[in-house]
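Structure file model.cif with mmCIF, C-alpha atoms:
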data_start
loop_
_atom_site.label_atom_id
_atom_site.label_comp_id
_atom_site.auth_asym_id
_atom_site.auth_seq_id
_atom_site.Cartn_x
_atom_site.Cartn_y
_atom_site.Cartn_z
CA MET G 562 -77.98 -69.95 107.25
CA ARG G 563 -79.31 -68.60 110.49
CA THR G 564 -79.28 -71.98 112.17
CA PHE G 565 -75.48 -72.06 112.10
CA ASN G 566 -73.16 -70.47 114.58
CA PHE G 567 -71.27 -68.25 112.20
CA ALA G 568 -74.13 -67.23 110.02
CA SER G 569 -74.35 -63.78 111.55
CA GLU G 570 -70.65 -63.21 111.13
CA ALA G 571 -70.71 -64.54 107.58
CA GLU G 572 -73.25 -61.96 106.62
CA LYS G 573 -70.81 -59.25 107.50
CA VAL G 574 -68.47 -60.31 104.70
CA ASN G 575 -69.87 -59.31 101.37
CA PRO G 576 -67.95 -61.25 98.73
CA LEU G 577 -68.85 -58.64 96.09
CA VAL G 578 -67.03 -55.85 97.87
CA PRO G 579 -63.38 -55.91 96.85
CA HIS G 580 -60.42 -55.36 99.14
CA THR G 581 -58.59 -52.21 98.19
CA ALA G 582 -55.26 -54.02 98.51
CA GLU G 583 -56.40 -56.63 96.02
CA LEU G 584 -57.44 -54.02 93.48
CA VAL G 585 -54.02 -52.41 93.73
CA VAL G 586 -52.14 -55.69 93.71
CA GLY G 587 -54.21 -56.99 90.83
CA ALA G 588 -53.58 -53.89 88.76
CA ILE G 589 -49.84 -53.88 89.48
CA ALA G 590 -49.42 -57.62 88.93
CA PHE G 591 -51.36 -57.60 85.70
CA THR G 592 -49.53 -54.55 84.34
CA LEU G 593 -46.21 -56.10 85.26
CA LEU G 594 -47.09 -59.34 83.51
CA PHE G 595 -48.39 -57.43 80.50
CA LEU G 596 -45.13 -55.50 80.16
CA VAL G 597 -42.99 -58.61 80.50
CA LEU G 598 -44.99 -60.62 77.98
CA ARG G 599 -45.24 -57.75 75.51
CA ARG G 600 -41.56 -56.95 75.68
CA ALA G 601 -39.91 -60.36 75.99
CA VAL G 602 -42.32 -63.06 74.88
CA VAL G 603 -44.62 -61.86 72.10
CA PRO G 604 -41.81 -60.54 69.82
CA MET G 605 -39.87 -63.79 70.22
CA PHE G 606 -42.83 -65.98 69.34
CA GLU G 607 -43.65 -63.71 66.41
CA LYS G 608 -40.05 -63.99 65.28
CA ALA G 609 -40.27 -67.78 65.41
CA PHE G 610 -43.57 -67.72 63.48
CA THR G 611 -42.17 -65.44 60.80
CA ALA G 612 -39.02 -67.51 60.47
CA ARG G 613 -41.11 -70.65 60.21
CA THR G 614 -43.44 -69.19 57.61
CA GLU G 615 -40.47 -68.04 55.58
CA ALA G 616 -38.80 -71.42 55.93
CA ILE G 617 -41.91 -73.20 54.75
CA GLN G 618 -42.49 -70.78 51.91
CA GLY G 619 -38.84 -70.96 50.88
CA GLY G 620 -39.03 -74.74 50.99
CA LEU G 621 -42.13 -74.74 48.82
CA GLU G 622 -40.54 -72.43 46.31
CA ARG G 623 -37.42 -74.54 46.25
CA ALA G 624 -39.48 -77.67 45.73
CA GLU G 625 -41.37 -76.01 42.91
CA GLN G 626 -38.14 -74.97 41.27
CA ALA G 627 -36.72 -78.46 41.63
CA GLN G 628 -39.84 -79.91 40.08
CA LEU G 629 -39.60 -77.51 37.16
CA GLU G 630 -36.00 -78.40 36.67
CA ALA G 631 -36.81 -82.09 36.79
CA GLN G 632 -39.53 -81.57 34.20
CA ARG G 633 -37.13 -79.74 31.94
CA ALA G 634 -34.55 -82.49 32.36
CA LEU G 635 -37.17 -85.09 31.53
CA VAL G 636 -38.15 -83.30 28.33
CA GLN G 637 -34.53 -82.94 27.37
CA TYR G 638 -33.87 -86.56 28.11
CA ASN G 639 -36.85 -87.66 26.07
CA GLU G 640 -35.71 -85.53 23.17
CA GLN G 641 -32.25 -86.96 23.37
CA LEU G 642 -33.63 -90.44 23.61
CA SER G 643 -35.82 -90.07 20.55
CA SER G 644 -33.03 -88.46 18.51
CA ALA G 645 -30.66 -91.21 19.59
CA GLN G 646 -33.20 -93.80 18.59
CA GLY G 647 -33.57 -92.16 15.17
CA GLU G 648 -29.88 -92.01 14.75
CA ALA G 649 -29.50 -95.62 15.75
CA SER G 650 -32.11 -96.76 13.26
CA LYS G 651 -30.45 -94.66 10.57
CA LEU G 652 -27.10 -96.23 11.41
CA ARG G 653 -28.61 -99.67 11.32
CA GLU G 654 -30.14 -98.98 7.94
CA GLU G 655 -26.86 -97.67 6.61
CA ALA G 656 -25.01 -100.65 7.95
CA ARG G 657 -27.49 -102.99 6.38
CA ILE G 658 -27.11 -101.29 3.01
CA GLN G 659 -23.35 -101.23 3.31
CA GLY G 660 -23.29 -104.88 4.32
CA ALA G 661 -25.40 -105.79 1.33
CA ALA G 662 -23.13 -103.79 -0.96
CA ILE G 663 -20.03 -105.43 0.45
CA LEU G 664 -21.62 -108.82 0.06
CA GLU G 665 -22.56 -108.06 -3.54
CA ASP G 666 -19.10 -106.79 -4.26
CA LEU G 667 -17.47 -109.83 -2.80
CA ARG G 668 -19.75 -112.10 -4.72
CA THR G 669 -18.98 -110.33 -8.00
CA LYS G 670 -15.27 -110.47 -7.29
CA ALA G 671 -15.45 -114.12 -6.46
CA GLN G 672 -17.39 -114.83 -9.63
CA ASP G 673 -14.88 -112.84 -11.68
CA GLU G 674 -12.04 -114.68 -10.05
CA ALA G 675 -13.73 -117.97 -10.70
CA ALA G 676 -14.34 -116.99 -14.30
CA ARG G 677 -10.75 -115.86 -14.66
CA ILE G 678 -9.41 -119.06 -13.16
CA THR G 679 -11.70 -121.10 -15.37
CA ALA G 680 -10.62 -119.19 -18.47
CA ALA G 681 -6.95 -119.56 -17.59
CA ALA G 682 -7.44 -123.26 -17.06
CA HIS G 683 -9.23 -123.54 -20.38
CA SER G 684 -6.51 -121.74 -22.29
CA SER G 685 -3.72 -123.71 -20.66
CA ILE G 686 -5.56 -126.91 -21.37
CA GLU G 687 -6.03 -125.78 -24.98
CA ALA G 688 -2.36 -124.90 -25.29
CA GLU G 689 -1.30 -128.18 -23.81
CA ARG G 690 -3.66 -129.95 -26.08
CA GLN G 691 -2.25 -128.09 -29.13
CA GLN G 692 1.26 -128.90 -27.95
CA ALA G 693 0.33 -132.49 -27.39
CA ILE G 694 -1.29 -132.64 -30.83
CA THR G 695 1.77 -131.08 -32.46
CA SER G 696 4.25 -133.34 -30.72
CA LEU G 697 2.00 -136.31 -31.25
CA ARG G 698 1.71 -135.46 -34.91
CA ASN G 699 5.52 -135.23 -35.25
CA GLU G 700 6.12 -138.41 -33.39
CA VAL G 701 3.34 -140.28 -35.12
CA GLY G 702 4.67 -138.96 -38.45
CA ALA G 703 8.17 -140.09 -37.66
CA LEU G 704 6.93 -143.44 -36.46
CA ALA G 705 4.70 -143.88 -39.48
CA VAL G 706 7.47 -142.91 -41.88
CA GLU G 707 9.84 -145.24 -40.20
CA LEU G 708 7.24 -147.93 -40.33
CA ALA G 709 6.36 -147.20 -43.94
CA SER G 710 10.02 -147.09 -45.01
CA LYS G 711 10.54 -150.31 -43.32
CA ILE G 712 7.52 -151.76 -45.02
CA VAL G 713 8.12 -150.21 -48.46
CA GLY G 714 11.84 -150.64 -48.25
CA GLU G 715 12.73 -147.37 -49.69
CA ALA G 716 14.00 -144.26 -48.06
CA LEU G 717 11.78 -141.36 -48.38
CA ASP G 718 14.28 -138.54 -48.30
CA ASP G 719 12.24 -135.96 -49.95
CA GLN G 720 10.89 -133.73 -47.30
CA ALA G 721 7.86 -132.59 -49.15
CA ARG G 722 6.78 -135.95 -50.00
CA GLN G 723 7.31 -137.19 -46.54
CA SER G 724 5.14 -134.54 -45.10
CA ARG G 725 2.36 -135.23 -47.59
CA ILE G 726 2.36 -138.86 -46.77
CA VAL G 727 2.19 -138.13 -43.04
CA ASP G 728 -0.71 -135.74 -43.50
CA ARG G 729 -2.62 -138.24 -45.49
CA PHE G 730 -1.91 -140.82 -42.93
CA ILE G 731 -3.15 -138.73 -40.10
CA GLU G 732 -6.28 -137.78 -42.02
CA ASP G 733 -6.90 -141.40 -42.49
CA LEU G 734 -6.35 -141.98 -38.87
CA GLU G 735 -8.80 -139.29 -37.93
CA LYS G 736 -11.37 -140.62 -40.29
CA SER G 737 -11.02 -144.11 -38.96
CA GLN G 738 -11.41 -142.79 -35.42
CA LYS G 739 -14.75 -141.21 -36.14
CA MET C 1158 -61.06 -70.20 109.21
CA ARG C 1159 -62.96 -70.24 112.42
CA ALA C 1160 -65.65 -72.32 110.79
CA PHE C 1161 -63.03 -74.88 109.95
CA ILE C 1162 -61.82 -75.05 113.52
CA GLN C 1163 -65.37 -75.24 114.74
CA LEU C 1164 -65.88 -78.32 112.61
CA HIS C 1165 -63.85 -80.50 114.87
CA ALA C 1166 -65.44 -79.32 118.09
CA GLU C 1167 -67.62 -82.06 119.47
CA GLY C 1168 -71.38 -81.76 119.38
CA ASP C 1169 -71.75 -78.62 117.28
CA GLY C 1170 -73.02 -80.38 114.15
CA PHE C 1171 -71.73 -79.72 110.65
CA VAL C 1172 -70.87 -76.13 109.84
CA PRO C 1173 -71.00 -75.71 106.08
CA PRO C 1174 -68.30 -73.62 104.40
CA SER C 1175 -69.37 -70.05 103.96
CA THR C 1176 -68.12 -66.86 102.41
CA ASN C 1177 -65.97 -66.51 105.50
CA ASP C 1178 -63.79 -69.32 104.25
CA PHE C 1179 -62.66 -67.02 101.50
CA ASN C 1180 -61.62 -64.36 103.94
CA LEU C 1181 -58.15 -65.60 104.68
CA PRO C 1182 -56.07 -63.90 107.34
CA PRO C 1183 -52.79 -62.13 106.45
CA ILE C 1184 -49.80 -64.43 106.28
CA THR C 1185 -47.92 -62.29 108.80
CA GLU C 1186 -49.76 -60.10 111.23
CA SER C 1187 -47.52 -57.13 110.49
CA ILE C 1188 -48.43 -56.83 106.79
CA ALA C 1189 -52.18 -56.66 106.64
CA TRP C 1190 -52.54 -56.73 102.87
CA LEU C 1191 -50.28 -59.73 102.22
CA THR C 1192 -52.88 -62.50 102.09
CA LYS C 1193 -52.83 -65.81 100.31
CA PRO C 1194 -54.58 -64.61 97.13
CA VAL C 1195 -52.25 -61.61 96.89
CA LEU C 1196 -49.27 -63.92 97.18
CA LEU C 1197 -50.77 -66.28 94.60
CA VAL C 1198 -51.27 -63.46 92.13
CA PHE C 1199 -47.64 -62.44 92.45
CA LEU C 1200 -46.60 -66.08 92.16
CA SER C 1201 -48.64 -66.38 88.97
CA VAL C 1202 -46.86 -63.36 87.49
CA ILE C 1203 -43.49 -64.93 88.23
CA LEU C 1204 -44.49 -68.38 86.97
CA ILE C 1205 -46.00 -67.11 83.73
CA SER C 1206 -43.08 -64.78 83.04
CA VAL C 1207 -40.45 -67.43 83.68
CA PHE C 1208 -42.25 -70.10 81.68
CA PHE C 1209 -42.85 -67.98 78.62
CA ILE C 1210 -39.47 -66.26 78.67
CA LEU C 1211 -37.77 -69.66 78.83
CA SER C 1212 -39.94 -71.15 76.14
CA SER C 1213 -39.69 -68.21 73.75
CA ARG C 1214 -36.02 -67.36 74.33
CA LYS C 1215 -34.64 -69.39 71.43
CA ALA C 1216 -37.43 -68.67 68.96
CA ALA C 1217 -36.27 -71.60 66.86
CA VAL C 1218 -37.86 -72.59 63.58
CA VAL C 1219 -37.95 -76.16 64.79
CA PRO C 1220 -39.22 -75.78 68.37
CA SER C 1221 -38.10 -77.74 71.38
CA LYS C 1222 -40.74 -79.36 73.57
CA LEU C 1223 -40.72 -76.37 75.89
CA GLN C 1224 -40.98 -73.87 73.07
CA PHE C 1225 -43.74 -75.92 71.51
CA ALA C 1226 -45.72 -75.88 74.76
CA GLY C 1227 -45.41 -72.12 75.18
CA GLU C 1228 -45.98 -71.52 71.51
CA SER C 1229 -49.16 -73.59 71.46
CA ILE C 1230 -50.73 -71.45 74.17
CA TYR C 1231 -49.56 -68.26 72.50
CA ALA C 1232 -50.75 -69.42 69.08
CA PHE C 1233 -54.12 -70.35 70.55
CA VAL C 1234 -54.67 -66.83 71.89
CA ARG C 1235 -53.13 -65.19 68.83
CA ASN C 1236 -54.92 -67.16 66.14
CA ASP C 1237 -58.10 -68.57 67.64
CA LEU C 1238 -58.97 -65.58 69.79
CA ALA C 1239 -57.31 -62.44 68.47
CA ARG C 1240 -57.09 -63.11 64.75
CA ASP C 1241 -60.38 -64.94 64.27
CA VAL C 1242 -62.39 -62.48 66.36
CA ILE C 1243 -60.75 -59.12 65.72
CA GLY C 1244 -59.48 -59.86 62.24
CA HIS C 1245 -57.61 -57.06 60.54
CA ASP C 1246 -55.03 -55.32 62.73
CA PHE C 1247 -55.36 -57.90 65.50
CA MET C 1248 -51.65 -57.93 66.35
CA ARG C 1249 -52.04 -54.75 68.43
CA PHE C 1250 -54.21 -56.61 70.91
CA VAL C 1251 -52.36 -59.89 71.09
CA PRO C 1252 -50.13 -58.89 74.02
CA TYR C 1253 -53.12 -57.76 76.08
CA LEU C 1254 -55.25 -60.80 75.28
CA PHE C 1255 -52.32 -63.12 75.82
CA THR C 1256 -51.61 -61.60 79.24
CA LEU C 1257 -55.28 -61.77 80.12
CA PHE C 1258 -55.64 -65.42 79.18
CA THR C 1259 -52.50 -66.66 80.89
CA PHE C 1260 -53.11 -64.55 83.99
CA VAL C 1261 -56.70 -65.67 84.48
CA LEU C 1262 -55.94 -69.28 83.57
CA THR C 1263 -53.02 -69.59 85.97
CA ASN C 1264 -54.82 -67.95 88.86
CA ASN C 1265 -57.87 -70.13 88.23
CA ILE C 1266 -55.86 -73.32 88.10
CA PHE C 1267 -54.25 -72.42 91.42
CA GLY C 1268 -57.62 -73.53 92.81
CA ILE C 1269 -56.80 -77.19 92.25
CA ILE C 1270 -53.01 -77.19 92.54
CA PRO C 1271 -52.11 -79.10 95.72
CA LEU C 1272 -50.84 -76.88 98.54
CA LEU C 1273 -51.89 -73.68 96.76
CA GLN C 1274 -55.51 -74.73 96.34
CA PHE C 1275 -57.08 -71.34 96.17
CA PRO C 1276 -58.38 -69.64 93.04
CA ALA C 1277 -57.28 -66.04 93.33
CA MET C 1278 -60.11 -65.02 91.02
CA SER C 1279 -62.61 -66.00 93.71
CA HIS C 1280 -61.60 -62.74 95.34
CA VAL C 1281 -63.71 -60.27 93.45
CA GLY C 1282 -61.06 -57.54 93.48
CA PHE C 1283 -58.98 -59.26 90.80
CA PRO C 1284 -61.78 -59.85 88.29
CA TYR C 1285 -62.88 -56.25 88.88
CA VAL C 1286 -59.43 -54.99 87.95
CA LEU C 1287 -59.33 -57.10 84.79
CA ALA C 1288 -62.82 -56.04 83.77
CA ILE C 1289 -61.88 -52.39 84.28
CA PHE C 1290 -58.81 -52.88 82.08
CA THR C 1291 -60.91 -54.49 79.38
CA PHE C 1292 -63.51 -51.73 79.75
CA LEU C 1293 -60.84 -49.07 79.30
CA VAL C 1294 -59.19 -50.87 76.39
CA PHE C 1295 -62.25 -51.41 74.26
CA HIS C 1296 -63.68 -47.94 74.84
CA TYR C 1297 -60.27 -46.43 74.20
CA VAL C 1298 -59.78 -48.17 70.86
CA GLY C 1299 -63.34 -47.32 69.86
CA ILE C 1300 -62.88 -43.62 70.63
CA ARG C 1301 -59.44 -43.60 69.00
CA LYS C 1302 -60.86 -45.07 65.83
CA LYS C 1303 -64.12 -43.16 65.47
CA GLY C 1304 -63.71 -40.07 67.57
CA LEU C 1305 -65.54 -39.44 70.82
CA GLY C 1306 -68.78 -38.10 69.35
CA LYS C 1307 -69.21 -40.69 66.64
CA TYR C 1308 -68.36 -43.53 68.99
CA PHE C 1309 -70.97 -42.54 71.56
CA LYS C 1310 -73.50 -41.78 68.87
CA GLU C 1311 -73.08 -45.24 67.42
CA ILE C 1312 -73.59 -46.82 70.82
CA ALA C 1313 -76.55 -44.69 71.87
CA PHE C 1314 -78.29 -44.44 68.53
CA MET C 1315 -77.96 -47.65 66.64
CA PRO C 1316 -78.41 -46.84 62.95
CA GLY C 1317 -81.37 -48.18 61.00
CA VAL C 1318 -83.90 -48.14 63.84
CA PRO C 1319 -87.22 -46.21 63.82
CA LEU C 1320 -87.08 -43.08 65.96
CA PRO C 1321 -89.51 -44.03 68.78
CA VAL C 1322 -87.59 -47.23 69.46
CA TYR C 1323 -84.66 -45.15 70.71
CA ILE C 1324 -86.65 -44.37 73.85
CA LEU C 1325 -86.24 -48.01 74.77
CA LEU C 1326 -83.04 -48.86 72.95
CA THR C 1327 -80.78 -46.00 73.97
CA PRO C 1328 -80.86 -46.66 77.74
CA ILE C 1329 -80.41 -50.38 77.13
CA GLU C 1330 -77.46 -49.86 74.83
CA LEU C 1331 -75.78 -47.37 77.13
CA ALA C 1332 -76.31 -49.66 80.10
CA THR C 1333 -74.95 -52.60 78.14
CA PHE C 1334 -71.79 -50.86 77.12
CA PHE C 1335 -70.98 -49.07 80.35
CA ILE C 1336 -72.44 -51.18 83.15
CA VAL C 1337 -73.51 -54.63 82.08
CA ARG C 1338 -70.42 -55.58 80.10
CA PRO C 1339 -67.76 -54.91 82.75
CA LEU C 1340 -70.00 -56.14 85.53
CA THR C 1341 -70.94 -59.44 83.89
CA LEU C 1342 -67.39 -59.96 82.73
CA SER C 1343 -66.00 -59.72 86.25
CA LEU C 1344 -68.87 -61.34 88.09
CA ARG C 1345 -69.01 -64.34 85.75
CA LEU C 1346 -65.39 -65.13 86.44
CA PHE C 1347 -65.64 -64.38 90.14
CA ALA C 1348 -68.83 -66.36 90.68
CA ASN C 1349 -67.57 -69.40 88.82
CA MET C 1350 -64.36 -69.53 90.82
CA PHE C 1351 -66.13 -68.73 94.06
CA ALA C 1352 -68.82 -71.34 93.61
CA GLY C 1353 -66.38 -73.94 92.37
CA HIS C 1354 -64.15 -73.51 95.37
CA LEU C 1355 -67.13 -73.56 97.72
CA LEU C 1356 -68.35 -76.76 96.13
CA LEU C 1357 -64.98 -78.42 96.66
CA LEU C 1358 -64.93 -77.19 100.24
CA VAL C 1359 -68.37 -78.65 100.90
CA PHE C 1360 -67.44 -82.12 99.77
CA ILE C 1361 -63.94 -82.24 101.22
CA MET C 1362 -64.94 -80.71 104.55
CA GLY C 1363 -68.11 -82.77 104.58
CA GLY C 1364 -66.10 -85.92 104.07
CA ASP C 1365 -63.76 -84.88 106.81
CA TYR C 1366 -66.64 -84.18 109.16
CA MET C 1367 -68.30 -87.51 108.42
CA MET C 1368 -65.05 -89.38 108.96
CA HIS C 1369 -64.70 -87.92 112.43
CA ASP C 1370 -68.34 -88.48 113.34
CA SER C 1371 -69.12 -91.08 115.98
CA HIS C 1372 -71.77 -92.82 113.89
CA LEU C 1373 -70.50 -95.75 111.85
CA ILE C 1374 -72.83 -95.04 108.93
CA MET C 1375 -71.45 -91.52 108.65
CA LYS C 1376 -67.92 -92.92 108.62
CA LEU C 1377 -68.89 -95.39 105.89
CA PHE C 1378 -70.28 -92.68 103.65
CA SER C 1379 -67.37 -90.36 104.14
CA PRO C 1380 -65.26 -91.84 101.24
CA PHE C 1381 -68.09 -91.10 98.83
CA SER C 1382 -67.95 -87.47 99.78
CA PHE C 1383 -64.21 -87.43 99.16
CA ALA C 1384 -64.60 -89.26 95.86
CA PHE C 1385 -67.16 -86.75 94.73
CA GLY C 1386 -64.80 -83.99 95.76
CA ILE C 1387 -62.12 -85.50 93.53
CA ALA C 1388 -64.52 -85.84 90.63
CA LEU C 1389 -65.52 -82.21 91.10
CA THR C 1390 -61.85 -81.25 91.04
CA PHE C 1391 -61.65 -82.49 87.47
CA PHE C 1392 -64.84 -80.66 86.68
CA GLU C 1393 -63.37 -77.54 88.25
CA PHE C 1394 -60.32 -77.81 86.02
CA MET C 1395 -62.59 -77.68 83.01
CA VAL C 1396 -64.49 -74.69 84.40
CA GLN C 1397 -61.25 -72.88 85.19
CA CYS C 1398 -59.95 -73.26 81.66
CA LEU C 1399 -63.33 -72.38 80.20
CA GLN C 1400 -63.65 -69.21 82.26
CA ALA C 1401 -60.21 -68.00 81.23
CA TYR C 1402 -61.19 -68.64 77.63
CA ILE C 1403 -64.55 -66.89 77.96
CA PHE C 1404 -63.05 -63.83 79.64
CA THR C 1405 -60.48 -63.46 76.85
CA LEU C 1406 -62.98 -64.24 74.10
CA LEU C 1407 -65.45 -61.62 75.36
CA THR C 1408 -62.69 -59.04 75.63
CA ALA C 1409 -61.73 -59.77 72.03
CA LEU C 1410 -65.38 -59.52 70.99
CA TYR C 1411 -65.79 -56.17 72.73
CA ILE C 1412 -62.67 -54.85 71.04
CA ALA C 1413 -63.88 -56.15 67.68
CA GLY C 1414 -67.25 -54.49 68.30
CA ALA C 1415 -65.65 -51.17 69.15
CA LEU C 1416 -63.57 -51.34 65.98
CA ALA C 1417 -66.41 -52.45 63.70
CA ASP C 1418 -67.70 -49.76 61.37
CA GLU C 1419 -71.36 -50.62 61.50
CA HIS C 1420 -72.59 -52.20 64.63
#

Represent the supplied structure as structure tokens.
Amino acid sequence: MRTFNFASEAEKVNPLVPHTAELVVGAIAFTLLFLVLRRAVVPMFEKAFTARTEAIQGGLERAEQAQLEAQRALVQYNEQLSSAQGEASKLREEARIQGAAILEDLRTKAQDEAARITAAAHSSIEAERQQAITSLRNEVGALAVELASKIVGEALDDQARQSRIVDRFIEDLEKSQK
Amino acid sequence: MRAFIQLHAEGDGFVPPSTNDFNLPPITESIAWLTKPVLLVFLSVILISVFFILSSRKAAVVPSKLQFAGESIYAFVRNDLARDVIGHDFMRFVPYLFTLFTFVLTNNIFGIIPLLQFPAMSHVGFPYVLAIFTFLVFHYVGIRKKGLGKYFKEIAFMPGVPLPVYILLTPIELATFFIVRPLTLSLRLFANMFAGHLLLLVFIMGGDYMMHDSHLIMKLFSPFSFAFGIALTFFEFMVQCLQAYIFTLLTALYIAGALADEH
């Protein structure tokens, strides 16, 4: 240091000895800043932090609640679904049974109807046959009598006799047919 | 200042920056106390106040960029320094620690801000004031909490130590609490800022001197000196932030120590 021009002067200034003015200014400036920050800045930041914490907490609680609600809805939905499924299967079963019953009923009715129609047809055929036999018998009788009277040459007026002859004739006819 | 002028005088050789370079003259002759560091300190108070008032004014849940910037610094001091160190009941000390951190940081960073370029904390008066405040604060809260007698007894006679050891321990403890702590707190900050600024001066002024030297080789090496000065500026920025952090952290530790039941 001593080789330089200002070394001797530099030694006069001790950097560890403070200027009085700087002590005062430092104290005032720092106190001023402290008061400003404590009064205007710190409460505002704290307010923001509190609001934010509350917002986050509120959000979390809301989310939790929503989740719970969703869970409840899911359970309810599942219950409804399973009950609906049960009901549907029950309905299907019922429908199947009903269908079968209807089918059976219809079949029975149709068979009855068929039987009835068949029976009616039978009886009408029988009646017609009886009628045909009766009329045939009369006609054949008349024809046979006419033929016989022509052949025998005598009039067969007697009713009873006539009828006997016809009956015998028809019996003969039937026998010859067999 | 005179050393700087001397630099350009022909034939005198290089005059390295000295402590005199920190002794800046008053800005106007009429007001002797109004020097550059004093002005910078006031400027820092205005800048910090305006910045934080603007950024905290809305106190929105969803912060703007400005609020986020201010909030980050505040949250750093509040959570990482005050809450983590002091723990329970830390909110009482947040305003003080917050002021301390922003004040020291801003005045340190002035050392590398173009045009300002002077760390106010390299004038020992300011660190002294801050150390005295911290000294008063942590002793005050200790005495408030434990009572005068118990507080001093805990410092002087650490519990759980054999009796003869107190001959050695008591003076050390008393010296630690009442001399070493405030002194190291202020001198650490002062010396770091002082040395950092001196280092920058050496390389920038050295580069300037070499550039104006008649020798070609000196001229050629001058850019290296400047480049190193720039690199050191970045380094200084780190030191400036670190020192602000350390000052605040130690203050928080001292407060926590004074509040602790067993020490």

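Put simply, atom CA of Phe1360 of chain C is 13.9 Å away from atom CA of Ile1269 of chain C.
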
Review point. For chain C, which residues have at least one atom within 7 Å of chain G, if we go by only C-alpha atoms? Write them as a ChimeraX atom specification, please.
Key: /C:1172,1175-1177,1190,1195,1198-1199,1202,1206,1209-1210,1213-1214,1216-1218,1228,1252-1253,1256,1281-1283,1286

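Proximity ranking of C:Leu1211, C:Leu1346, C:Val1298, C:Val1219 relative to Leu1407 of chain C places C:Leu1346 first, based on only C-alpha atoms.
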
Practice item. Spell out the residues picked by the PyMOL selection byres ((chain G and resi 702) around 10) here, as a list in words. Key: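 Selected by the PyMOL selection byres ((chain G and resi 702) around 10) here: Ser696, Leu697, Arg698, Asn699, Glu700, Val701, Ala703, Leu704, Ala705, Val706, Glu707, Leu708, Gln723, Ser724, Ile726, Val727, Asp728, Phe730 and Ile731 of chain G.
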
Got time to write the residues from that selection, C-alpha atoms, as an mmCIF file, in the coordinates of the input?
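Printed below is result_29.cif as written:
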data_model
loop_
_atom_site.group_PDB
_atom_site.id
_atom_site.type_symbol
_atom_site.label_atom_id
_atom_site.label_comp_id
_atom_site.auth_asym_id
_atom_site.auth_seq_id
_atom_site.Cartn_x
_atom_site.Cartn_y
_atom_site.Cartn_z
ATOM 1 C CA SER G 696 4.250 -133.340 -30.720
ATOM 2 C CA LEU G 697 2.000 -136.310 -31.250
ATOM 3 C CA ARG G 698 1.710 -135.460 -34.910
ATOM 4 C CA ASN G 699 5.520 -135.230 -35.250
ATOM 5 C CA GLU G 700 6.120 -138.410 -33.390
ATOM 6 C CA VAL G 701 3.340 -140.280 -35.120
ATOM 7 C CA ALA G 703 8.170 -140.090 -37.660
ATOM 8 C CA LEU G 704 6.930 -143.440 -36.460
ATOM 9 C CA ALA G 705 4.700 -143.880 -39.480
ATOM 10 C CA VAL G 706 7.470 -142.910 -41.880
ATOM 11 C CA GLU G 707 9.840 -145.240 -40.200
ATOM 12 C CA LEU G 708 7.240 -147.930 -40.330
ATOM 13 C CA GLN G 723 7.310 -137.190 -46.540
ATOM 14 C CA SER G 724 5.140 -134.540 -45.100
ATOM 15 C CA ILE G 726 2.360 -138.860 -46.770
ATOM 16 C CA VAL G 727 2.190 -138.130 -43.040
ATOM 17 C CA ASP G 728 -0.710 -135.740 -43.500
ATOM 18 C CA PHE G 730 -1.910 -140.820 -42.930
ATOM 19 C CA ILE G 731 -3.150 -138.730 -40.100
#

Point to revise | Residues returned when the PyMOL selection byres ((chain C and resi 1363-1367) around 8) runs on this file, as a list in words | key: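 Matching residues under the PyMOL selection byres ((chain C and resi 1363-1367) around 8) are Leu1164, His1165, Phe1171, Pro1173, Leu1358, Val1359, Phe1360, Ile1361, Met1362, Met1368, His1369, Asp1370, Met1375, Lys1376, Phe1378, Ser1379, Pro1380, Phe1381, Ser1382 and Phe1383 of chain C.
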
Check your understanding: If you apply the PyMOL selection byres ((chain C and resi 1181) around 8) to this file, what residues do you get, as an NGL selection string?
Key -> :C and (1158 or 1177-1180 or 1182-1183 or 1192-1193)

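We find atom CA of Leu1204 of chain C and atom CA of Phe1233 of chain C to be spaced 19.1 Å apart.
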
Exercise for review: Could you check which of C:Asn1265, C:Thr1390, C:Asn1236, C:Ser1201 is closest to His1280 of chain C, using all atoms listed in the file?
Suggested key: C:Asn1265

Review point. So what do you get for atom CA of Phe1314 of chain C versus atom CA of Phe1334 of chain C, distance-wise?
Key: 12.5 Å

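Residue nearest Thr1408 of chain C, chosen from C:Asn1349, C:Thr1291, C:Thr1333, C:Thr1327 and counting all atoms listed in the file: C:Thr1291.
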
Could you please fill out segment 1319-1323 of chain C with N, CA and C atoms and send it back as a PDB file, in the coordinates of the input?
ATOM      1  N   PRO C1319     -86.220 -47.299  63.793  1.00  0.00           N
ATOM      2  CA  PRO C1319     -87.220 -46.210  63.820  1.00  0.00           C
ATOM      3  C   PRO C1319     -87.052 -45.333  65.064  1.00  0.00           C
ATOM      4  N   LEU C1320     -87.365 -44.074  64.927  1.00  0.00           N
ATOM      5  CA  LEU C1320     -87.080 -43.080  65.960  1.00  0.00           C
ATOM      6  C   LEU C1320     -87.666 -43.408  67.334  1.00  0.00           C
ATOM      7  N   PRO C1321     -88.942 -43.805  67.421  1.00  0.00           N
ATOM      8  CA  PRO C1321     -89.510 -44.030  68.780  1.00  0.00           C
ATOM      9  C   PRO C1321     -88.807 -45.157  69.539  1.00  0.00           C
ATOM     10  N   VAL C1322     -88.229 -46.075  68.805  1.00  0.00           N
ATOM     11  CA  VAL C1322     -87.590 -47.230  69.460  1.00  0.00           C
ATOM     12  C   VAL C1322     -86.401 -46.778  70.310  1.00  0.00           C
ATOM     13  N   TYR C1323     -85.827 -45.631  69.962  1.00  0.00           N
ATOM     14  CA  TYR C1323     -84.660 -45.150  70.710  1.00  0.00           C
ATOM     15  C   TYR C1323     -84.989 -44.890  72.183  1.00  0.00           C
TER      16      TYR C1323
END
